[in-house]
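For reference, model-v6.cif (mmCIF, C-alpha atoms):
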data_run
#
loop_
_atom_site.label_atom_id
_atom_site.label_comp_id
_atom_site.auth_asym_id
_atom_site.auth_seq_id
_atom_site.Cartn_x
_atom_site.Cartn_y
_atom_site.Cartn_z
CA MET A 202 109.14 14.66 -2.68
CA SER A 203 109.65 12.62 0.49
CA LEU A 204 112.95 10.94 1.24
CA PRO A 205 113.32 7.27 0.26
CA LEU A 206 115.03 6.84 3.65
CA SER A 207 113.99 7.78 7.16
CA THR A 208 116.17 10.02 9.30
CA GLY A 209 117.40 6.95 11.15
CA ALA A 210 118.22 5.16 7.91
CA LEU A 211 120.16 8.21 6.72
CA ALA A 212 122.19 8.11 9.93
CA GLU A 213 122.94 4.44 9.32
CA LEU A 214 123.99 5.32 5.77
CA THR A 215 126.39 7.93 7.16
CA GLN A 216 127.96 5.30 9.41
CA ALA A 217 128.30 2.80 6.57
CA LEU A 218 130.03 5.35 4.35
CA ALA A 219 132.27 6.54 7.18
CA ALA A 220 133.47 2.96 7.62
CA ASN A 221 134.87 3.06 4.07
CA ALA A 222 136.18 6.62 4.12
CA GLU A 223 139.71 5.99 5.43
CA ARG A 224 140.28 3.10 3.01
CA TYR A 225 139.29 5.14 -0.03
CA ASP A 226 141.16 8.21 1.20
CA ARG A 227 144.38 6.21 1.42
CA SER A 228 143.99 4.32 -1.85
CA GLY A 229 142.52 7.14 -3.93
CA GLU A 230 140.35 4.56 -5.70
CA PHE A 231 136.85 5.28 -6.93
CA PRO A 232 134.37 4.38 -4.12
CA TYR A 233 132.39 1.77 -6.06
CA ASP A 234 131.08 0.12 -2.88
CA ASN A 235 129.60 3.40 -1.75
CA PHE A 236 127.74 3.98 -4.99
CA LYS A 237 126.47 0.43 -5.03
CA LEU A 238 125.00 1.12 -1.59
CA LEU A 239 123.49 4.42 -2.72
CA HIS A 240 121.92 2.74 -5.73
CA GLN A 241 120.41 0.05 -3.50
CA HIS A 242 118.72 2.84 -1.54
CA ARG A 243 117.41 4.43 -4.79
CA LEU A 244 119.40 7.60 -4.18
CA LEU A 245 121.27 7.94 -7.48
CA GLY A 246 118.14 8.91 -9.41
CA LEU A 247 116.71 11.08 -6.64
CA THR A 248 116.49 14.27 -8.73
CA VAL A 249 115.33 12.55 -11.93
CA PRO A 250 111.83 13.87 -12.70
CA GLN A 251 108.89 11.50 -13.03
CA ALA A 252 108.46 12.41 -16.69
CA LEU A 253 111.94 10.97 -17.33
CA GLY A 254 111.45 7.80 -15.30
CA GLY A 255 112.28 9.05 -11.82
CA GLY A 256 110.22 9.23 -8.68
CA GLY A 257 109.07 12.80 -9.15
CA GLY A 258 112.32 14.76 -8.96
CA ALA A 259 113.48 15.58 -5.45
CA ASP A 260 113.41 19.21 -4.38
CA LEU A 261 116.43 21.06 -3.04
CA ALA A 262 115.49 20.43 0.58
CA THR A 263 115.47 16.66 0.02
CA ALA A 264 118.69 16.65 -2.00
CA ARG A 265 120.37 18.74 0.70
CA GLN A 266 119.42 16.20 3.40
CA VAL A 267 120.95 13.34 1.45
CA ILE A 268 124.14 15.22 0.58
CA ALA A 269 124.57 16.29 4.20
CA ALA A 270 124.29 12.69 5.39
CA VAL A 271 126.60 11.35 2.68
CA GLY A 272 129.08 14.19 3.18
CA LYS A 273 129.30 13.47 6.88
CA GLY A 274 130.20 9.87 6.05
CA ASP A 275 132.41 10.28 2.98
CA PRO A 276 132.70 13.70 1.33
CA ALA A 277 134.37 12.39 -1.84
CA THR A 278 131.30 10.27 -2.50
CA ALA A 279 129.09 13.24 -1.66
CA LEU A 280 130.85 15.50 -4.18
CA ILE A 281 130.27 13.04 -7.03
CA LEU A 282 126.66 12.59 -5.89
CA SER A 283 126.18 16.37 -5.75
CA MET A 284 127.22 16.65 -9.38
CA GLN A 285 124.81 13.82 -10.24
CA TYR A 286 121.94 15.64 -8.56
CA LEU A 287 122.82 18.96 -10.17
CA GLN A 288 123.02 17.53 -13.70
CA HIS A 289 119.70 15.69 -13.44
CA PHE A 290 118.00 18.71 -11.90
CA ARG A 291 119.15 20.78 -14.86
CA LEU A 292 117.77 18.19 -17.29
CA GLN A 293 114.23 18.91 -16.13
CA ASP A 294 114.13 22.21 -18.01
CA GLU A 295 116.92 21.74 -20.55
CA ALA A 296 115.03 22.08 -23.82
CA ARG A 297 118.21 21.97 -25.91
CA TRP A 298 118.70 18.26 -25.21
CA PRO A 299 117.03 15.83 -27.63
CA VAL A 300 114.23 14.06 -25.79
CA HIS A 301 115.62 10.58 -26.43
CA LEU A 302 118.97 11.52 -24.83
CA ARG A 303 117.31 13.07 -21.79
CA GLN A 304 115.28 9.89 -21.37
CA ARG A 305 118.28 7.62 -21.86
CA VAL A 306 120.51 9.41 -19.35
CA ALA A 307 117.67 9.57 -16.83
CA ARG A 308 116.77 5.89 -17.30
CA ASP A 309 120.41 4.85 -16.91
CA ALA A 310 120.56 6.65 -13.57
CA VAL A 311 117.34 5.16 -12.21
CA VAL A 312 117.76 1.61 -13.50
CA ASP A 313 121.53 1.10 -13.53
CA GLY A 314 122.80 3.77 -11.16
CA ALA A 315 124.73 5.45 -13.99
CA LEU A 316 126.54 8.65 -13.05
CA ILE A 317 127.02 11.82 -15.07
CA ASN A 318 129.20 14.89 -14.59
CA ALA A 319 130.37 17.89 -16.58
CA PHE A 320 134.04 18.16 -17.59
CA ARG A 321 134.92 21.83 -17.93
CA VAL A 322 138.40 22.74 -16.65
CA GLU A 323 141.37 22.56 -19.04
CA PRO A 324 145.16 22.55 -18.50
CA ASP A 325 145.76 25.89 -20.23
CA LEU A 326 142.51 27.79 -19.71
CA GLY A 327 141.80 26.80 -16.13
CA SER A 328 138.27 27.27 -14.82
CA PRO A 329 135.77 28.47 -17.44
CA SER A 330 133.96 30.42 -14.74
CA ARG A 331 136.62 33.10 -15.28
CA GLY A 332 135.97 33.44 -19.01
CA GLY A 333 137.49 32.21 -22.25
CA LEU A 334 136.76 29.58 -24.88
CA PRO A 335 137.69 25.92 -24.50
CA ALA A 336 140.60 24.43 -26.41
CA THR A 337 138.64 21.18 -26.69
CA VAL A 338 137.21 21.13 -30.23
CA ALA A 339 134.34 19.20 -31.83
CA ARG A 340 134.92 18.99 -35.57
CA ARG A 341 132.07 18.20 -37.94
CA SER A 342 132.39 15.11 -40.13
CA ALA A 343 130.10 12.98 -42.24
CA GLU A 344 129.83 10.49 -39.33
CA GLY A 345 129.28 13.04 -36.55
CA TRP A 346 131.35 15.21 -34.21
CA ARG A 347 135.00 14.28 -33.69
CA LEU A 348 135.99 15.53 -30.27
CA SER A 349 139.60 16.20 -29.28
CA GLY A 350 141.02 17.85 -26.19
CA SER A 351 141.87 17.39 -22.53
CA LYS A 352 139.99 18.02 -19.30
CA ILE A 353 141.48 18.18 -15.81
CA TYR A 354 139.83 17.93 -12.38
CA SER A 355 137.26 15.57 -13.93
CA THR A 356 135.45 14.57 -10.76
CA GLY A 357 134.22 10.99 -10.78
CA SER A 358 136.18 10.01 -13.93
CA HIS A 359 136.46 6.22 -13.50
CA GLY A 360 132.96 5.80 -12.10
CA LEU A 361 130.99 7.89 -14.58
CA THR A 362 128.90 6.54 -17.45
CA TRP A 363 128.28 9.91 -19.11
CA TYR A 364 130.62 12.86 -19.64
CA LEU A 365 129.22 16.29 -20.49
CA VAL A 366 132.30 17.80 -22.12
CA TRP A 367 132.61 21.57 -22.44
CA ALA A 368 133.93 22.20 -25.95
CA ARG A 369 133.54 24.39 -29.04
CA SER A 370 132.73 23.40 -32.58
CA ASP A 371 134.87 24.25 -35.60
CA ASP A 372 132.15 26.48 -37.09
CA PRO A 373 132.94 30.13 -37.96
CA ASP A 374 130.68 31.06 -35.04
CA PRO A 375 131.55 28.16 -32.72
CA LEU A 376 128.89 26.25 -30.83
CA VAL A 377 130.13 26.33 -27.24
CA GLY A 378 128.79 24.16 -24.45
CA GLY A 379 128.17 20.56 -23.47
CA TYR A 380 128.85 17.62 -25.79
CA LEU A 381 127.55 14.32 -24.42
CA VAL A 382 130.01 11.42 -24.48
CA HIS A 383 129.49 7.84 -23.27
CA LYS A 384 132.38 6.36 -21.30
CA ASP A 385 132.80 3.41 -23.71
CA THR A 386 133.32 5.56 -26.80
CA PRO A 387 136.72 4.78 -28.42
CA GLY A 388 139.44 7.39 -28.05
CA ILE A 389 139.01 8.21 -24.35
CA ARG A 390 141.94 7.90 -21.96
CA ILE A 391 142.03 8.63 -18.23
CA ILE A 392 145.39 9.89 -16.94
CA GLU A 393 145.57 9.01 -13.24
CA ASP A 394 147.13 12.24 -11.98
CA TRP A 395 144.75 13.15 -9.12
CA ASP A 396 146.91 13.11 -5.97
CA HIS A 397 145.54 15.92 -3.82
CA LEU A 398 145.62 16.78 -0.17
CA GLY A 399 141.91 16.12 0.33
CA MET A 400 138.86 14.63 -1.38
CA ARG A 401 141.22 11.99 -2.67
CA ALA A 402 138.60 9.42 -3.68
CA THR A 403 136.83 11.72 -6.14
CA CYS A 404 139.17 10.39 -8.85
CA SER A 405 139.30 13.87 -10.40
CA HIS A 406 141.82 12.75 -13.00
CA GLU A 407 142.69 14.23 -16.36
CA VAL A 408 140.57 12.82 -19.18
CA ARG A 409 141.83 13.03 -22.77
CA PHE A 410 139.71 12.79 -25.91
CA ASP A 411 141.46 11.79 -29.12
CA ASP A 412 139.22 12.11 -32.18
CA VAL A 413 136.27 10.72 -30.19
CA LEU A 414 133.29 10.18 -32.51
CA ILE A 415 129.83 11.13 -31.20
CA PRO A 416 126.53 11.68 -33.08
CA LEU A 417 125.66 15.21 -34.14
CA ASP A 418 122.68 15.33 -31.78
CA HIS A 419 125.06 14.81 -28.83
CA ALA A 420 125.82 18.55 -28.92
CA VAL A 421 123.18 18.72 -26.23
CA SER A 422 123.61 22.08 -24.53
CA VAL A 423 125.49 24.39 -26.87
CA SER A 424 125.03 28.01 -27.88
CA PRO A 425 126.78 30.19 -30.46
CA ALA A 426 129.86 31.97 -29.14
CA SER A 427 128.30 35.19 -30.41
CA ALA A 428 125.29 34.63 -28.12
CA PRO A 429 126.71 32.87 -25.07
CA ARG A 430 124.47 31.37 -22.42
CA VAL A 431 125.41 31.43 -18.76
CA GLU A 432 125.47 27.85 -17.50
CA LEU A 433 125.27 28.43 -13.75
CA GLU A 434 122.82 31.12 -12.76
CA GLY A 435 119.58 31.57 -10.87
CA VAL A 436 118.13 28.46 -9.30
CA THR A 437 120.85 26.24 -10.78
CA ALA A 438 123.53 28.28 -9.02
CA LEU A 439 121.53 28.06 -5.80
CA TRP A 440 121.35 24.27 -6.08
CA MET A 441 125.08 23.98 -6.57
CA SER A 442 125.83 26.36 -3.73
CA VAL A 443 123.51 24.60 -1.28
CA LEU A 444 124.68 21.08 -2.15
CA LEU A 445 128.38 21.97 -1.90
CA SER A 446 127.72 23.82 1.35
CA ALA A 447 125.77 20.89 2.81
CA LEU A 448 128.62 18.56 1.87
CA TYR A 449 131.33 20.54 3.66
CA ASP A 450 129.09 21.33 6.60
CA GLY A 451 128.69 17.55 6.86
CA VAL A 452 132.48 17.22 7.12
CA ALA A 453 132.50 19.77 9.92
CA GLN A 454 129.66 17.94 11.69
CA ALA A 455 131.71 14.73 11.58
CA ALA A 456 134.73 16.55 13.00
CA ARG A 457 132.59 18.03 15.75
CA ASP A 458 131.17 14.64 16.72
CA TRP A 459 134.65 13.07 16.83
CA LEU A 460 135.91 15.85 19.08
CA VAL A 461 132.97 15.57 21.50
CA ASN A 462 133.56 11.82 21.80
CA PHE A 463 137.31 12.34 22.26
CA LEU A 464 136.85 14.96 24.99
CA ASN A 465 134.40 12.75 26.88
CA GLU A 466 136.62 9.66 26.69
CA ARG A 467 140.04 11.22 27.30
CA VAL A 468 140.85 11.18 31.01
CA PRO A 469 144.41 12.43 31.73
CA SER A 470 145.90 10.88 34.86
CA ASN A 471 146.84 14.27 36.26
CA LEU A 472 143.25 15.50 35.88
CA GLY A 473 141.28 12.46 36.98
CA ALA A 474 138.30 13.58 34.93
CA PRO A 475 137.40 13.80 31.21
CA LEU A 476 138.73 16.73 29.24
CA ALA A 477 135.08 17.58 28.61
CA SER A 478 134.88 18.82 32.22
CA LEU A 479 137.30 21.71 31.55
CA PRO A 480 135.85 25.16 30.72
CA ARG A 481 138.43 25.68 27.94
CA PHE A 482 137.13 22.73 25.96
CA GLN A 483 133.51 23.56 26.72
CA ASP A 484 134.15 27.00 25.23
CA ILE A 485 135.70 25.57 22.07
CA VAL A 486 132.83 23.13 21.51
CA GLY A 487 130.41 25.98 22.14
CA ARG A 488 132.14 28.02 19.41
CA ILE A 489 132.01 25.06 17.03
CA ASP A 490 128.33 24.46 17.65
CA THR A 491 127.60 28.15 17.17
CA VAL A 492 129.20 28.42 13.72
CA LEU A 493 127.53 25.16 12.71
CA PHE A 494 124.22 26.53 13.98
CA ALA A 495 124.74 29.51 11.67
CA ASN A 496 125.33 27.11 8.79
CA GLN A 497 122.12 25.21 9.48
CA ALA A 498 120.14 28.44 9.68
CA LEU A 499 121.52 29.60 6.33
CA LEU A 500 120.88 26.30 4.59
CA ASP A 501 117.40 25.95 6.10
CA SER A 502 116.54 29.40 4.80
CA ALA A 503 117.95 28.66 1.35
CA VAL A 504 116.01 25.45 0.80
CA ALA A 505 112.83 27.06 2.16
CA GLY A 506 113.05 29.75 -0.51
CA ARG A 507 113.78 32.58 1.90
CA ILE A 508 117.07 33.49 0.19
CA GLU A 509 117.12 34.77 -3.38
CA PRO A 510 119.30 32.87 -5.89
CA GLN A 511 121.44 35.98 -6.39
CA HIS A 512 122.95 35.25 -2.95
CA ALA A 513 124.00 31.68 -3.87
CA GLY A 514 127.70 32.50 -3.86
CA GLN A 515 127.49 34.19 -0.49
CA ILE A 516 125.88 31.08 1.00
CA LYS A 517 128.72 28.93 -0.27
CA HIS A 518 131.33 31.41 0.99
CA LEU A 519 129.83 31.70 4.47
CA VAL A 520 129.07 28.02 5.05
CA SER A 521 132.49 26.93 3.76
CA ARG A 522 134.27 29.49 5.94
CA ASN A 523 132.30 28.36 9.00
CA ALA A 524 132.97 24.69 8.25
CA ILE A 525 136.71 25.31 7.99
CA GLU A 526 136.66 27.30 11.23
CA ALA A 527 134.81 24.51 13.01
CA VAL A 528 137.35 21.87 11.99
CA GLU A 529 140.28 24.15 12.82
CA LEU A 530 138.83 24.66 16.29
CA ALA A 531 138.50 20.89 16.68
CA ILE A 532 142.16 20.47 15.69
CA GLU A 533 143.15 23.15 18.21
CA ALA A 534 141.26 21.37 20.99
CA ALA A 535 142.49 17.87 20.16
CA GLY A 536 146.17 18.72 19.81
CA ASN A 537 148.43 15.98 18.46
CA PRO A 538 145.70 13.30 18.33
CA GLY A 539 143.78 15.55 15.94
CA LEU A 540 146.62 15.47 13.42
CA SER A 541 147.34 11.77 13.73
CA ARG A 542 146.39 9.61 10.78
CA ARG A 543 145.09 7.08 13.29
CA ASN A 544 142.16 9.43 13.83
CA PRO A 545 139.67 10.78 11.25
CA LEU A 546 140.02 14.43 12.31
CA GLU A 547 143.11 15.05 10.17
CA ARG A 548 141.21 13.67 7.15
CA HIS A 549 138.27 15.93 7.91
CA TYR A 550 140.67 18.87 7.98
CA ARG A 551 142.20 17.97 4.61
CA ASP A 552 138.77 17.47 3.09
CA VAL A 553 137.13 20.63 4.40
CA LEU A 554 139.92 22.83 3.01
CA CYS A 555 138.87 21.76 -0.48
CA SER A 556 135.70 23.81 -0.10
CA ARG A 557 137.70 26.91 -1.00
CA ILE A 558 138.50 25.78 -4.54
CA HIS A 559 135.01 25.00 -5.78
CA THR A 560 133.24 27.45 -8.06
CA PRO A 561 132.39 30.16 -7.16
CA GLN A 562 135.63 31.00 -5.36
CA ASP A 563 135.76 33.65 -2.69
CA ASP A 564 137.33 36.42 -4.75
CA VAL A 565 134.64 36.03 -7.43
CA VAL A 566 131.80 36.01 -4.89
CA LEU A 567 133.04 38.99 -2.90
CA GLY A 568 133.97 40.94 -6.02
CA GLN A 569 130.48 40.53 -7.46
CA VAL A 570 128.84 41.58 -4.21
CA GLY A 571 131.13 44.58 -3.90
CA ARG A 572 130.52 45.76 -7.47
CA ALA A 573 126.77 45.47 -6.98
CA ALA A 574 126.98 47.51 -3.78
CA LEU A 575 129.09 50.16 -5.48
CA GLY A 576 126.81 50.50 -8.48
CA GLY A 577 128.80 48.36 -10.90
CA ALA A 578 131.97 50.47 -10.75
CA ASN A 579 134.92 48.86 -12.56
CA ALA A 580 132.74 45.95 -13.69
#
Please express what this file holds, its structure, as structure tokens.
Amino acid sequence: MSLPLSTGALAELTQALAANAERYDRSGEFPYDNFKLLHQHRLLGLTVPQALGGGGGADLATARQVIAAVGKGDPATALILSMQYLQHFRLQDEARWPVHLRQRVARDAVVDGALINAFRVEPDLGSPSRGGLPATVARRSAEGWRLSGSKIYSTGSHGLTWYLVWARSDDPDPLVGGYLVHKDTPGIRIIEDWDHLGMRATCSHEVRFDDVLIPLDHAVSVSPASAPRVELEGVTALWMSVLLSALYDGVAQAARDWLVNFLNERVPSNLGAPLASLPRFQDIVGRIDTVLFANQALLDSAVAGRIEPQHAGQIKHLVSRNAIEAVELAIEAAGNPGLSRRNPLERHYRDVLCSRIHTPQDDVVLGQVGRAALGGANA
């Protein structure tokens, strides 16, 4: 699928989002203006397949281009958009969903710009990627499921229309997986507790569900606990890895561009020439561009199908590590101005550090690779 926007239009979109980034970072409010702009450009339904009302379902290469441009402008917006793209990509082959719900969620995205994300992490359990059953319970009743529980790190909270809540049923062999909840269903409360170092405008607040009633067919992607189904594997894992990597590489690209501009404009009186004329700074920028070149080569290979999905976690690990290194080098070169809140570099630094906490985390990735290399010892 071709991009709805030209390369030049994507660059203009980056600039428009960057103009809002500081305001949303300081307020921590949901970036409604940004998503209104994305909807105007027909980008919120980009990965919705044609059969569900979209424009054909963008491929990974196209989605990566958009996320990279949005991430360079405002990474909090890009993270929410990444989850939107991932969820709609998964809907293309998700046979467990009733057809009418797949069509409704897809139509809402295309027509109204409605957003969807999965709520998985819980206060006691932590990340489900490390195992365990959710404490959030869907109890059967004559009217439907009654859902109760709490989810933390619920990215997008205030701006979402649909929540895909990871929960278990009260059956003897619980049905574990995604229960679809509309934002306007009674019994939902958002606790505004997201106050993090970076990615502040993602509004990743706690969301509580108190006896929330949903129809029985809204258990859209569940499997018996006795026969669990891995939610993020294969091509889906590759999509998530590439989109998250493109996002944080975009942050590093923005930091790099700020530094280049700063070094060309800063002319100390005792030097009489721009800092860019000094070999020390030329070396640092060369190191930055080299690690970012490595990122682009990795991501280009991934979207071209030259990297197998089994290496998805390694892509995320390598690109995130390189992005952090690039921003740290920019901070080192800029000195005090780089850590001043008057300049965007300190925000880029706070944002890029968040790449470490997204699933899969480094210890999981490296542990899996090591066990595979050692023949599964101590698996």
Which one of A:Trp459, A:Phe236, A:Tyr380, A:Trp440 sits closest to Ala217 in chain A if you count only C-alpha atoms? A:Phe236
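Closest approach to Arg457 in chain A from the set A:Val306, A:Ala573, A:Ile532, A:Ala219 is made by A:Ile532, with distances taken over only C-alpha atoms.
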Exercise: residues within 6 Å of coordinate (132.1, 10.7, -10.2), counting all atoms listed in the file, as a list in words: Ile281, Thr356, Gly357, Ser358, Gly360 and Leu361 of chain A
Just C-alpha atoms for this one: save the residues we selected as a PDB file, keeping the file's coordinate frame.
ATOM      1  CA  ILE A 281     130.270  13.040  -7.030  1.00  0.00           C
ATOM      2  CA  THR A 356     135.450  14.570 -10.760  1.00  0.00           C
ATOM      3  CA  GLY A 357     134.220  10.990 -10.780  1.00  0.00           C
ATOM      4  CA  SER A 358     136.180  10.010 -13.930  1.00  0.00           C
ATOM      5  CA  GLY A 360     132.960   5.800 -12.100  1.00  0.00           C
ATOM      6  CA  LEU A 361     130.990   7.890 -14.580  1.00  0.00           C
TER       7      LEU A 361
END
Enumerate, as a ChimeraX atom specification, the residues matched when the PyMOL selection byres ((chain A and resi 245) around 10) is run on the file above. /A:236-244,246-249,282-283,285-286,289,309-316
Close residues, range 508-510 of chain A itself excluded, 12 Å, only C-alpha atoms, min 3 positions apart in chain, as a list in words: Leu433, Glu434, Gly435, Val436, Thr437, Ala438, Leu439, Trp440, Met441, Ser442, Val443, Ala498, Leu499, Leu500, Asp501, Ser502, Ala503, Val504, Ala505, Ala513, Gly514, Gln515, Ile516 and Lys517 of chain A
Closest to His383 in chain A among A:Thr208, A:Gln511, A:Thr362, A:Ser405, using only C-alpha atoms?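 Closest residue, counting only C-alpha atoms: A:Thr362.
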re CA of Ile389 in chain A and CA of Leu287 in chain A: distance 24.1 Å
Which residue is closest to Val377 in chain A? Choose from A:Val413, A:Ala339, A:Val267, A:Ala262 and count only C-alpha atoms.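 Using only C-alpha atoms, the shortest distance to Val377 in chain A belongs to A:Ala339.
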Specify as a PyMOL selection string each residue included when the PyMOL selection byres ((chain A and resi 369) around 7) is applied to this file. chain A and resi 335+337-339+368+370-371+375-378
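Taking CA of Leu365 in chain A and CA of Cys555 in chain A as endpoints, the distance between them is 22.9 Å.
Using all atoms listed in the file, the smallest distance between any of A:Met284, A:Leu479, A:Val486, A:Val528 and Arg467 in chain A comes from A:Leu479.
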Between CA of Pro387 in chain A and CA of Asp234 in chain A, measure the distance and give it in Å to one decimal.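 Answer for the CA of Pro387 in chain A to CA of Asp234 in chain A separation: 26.6 Å.
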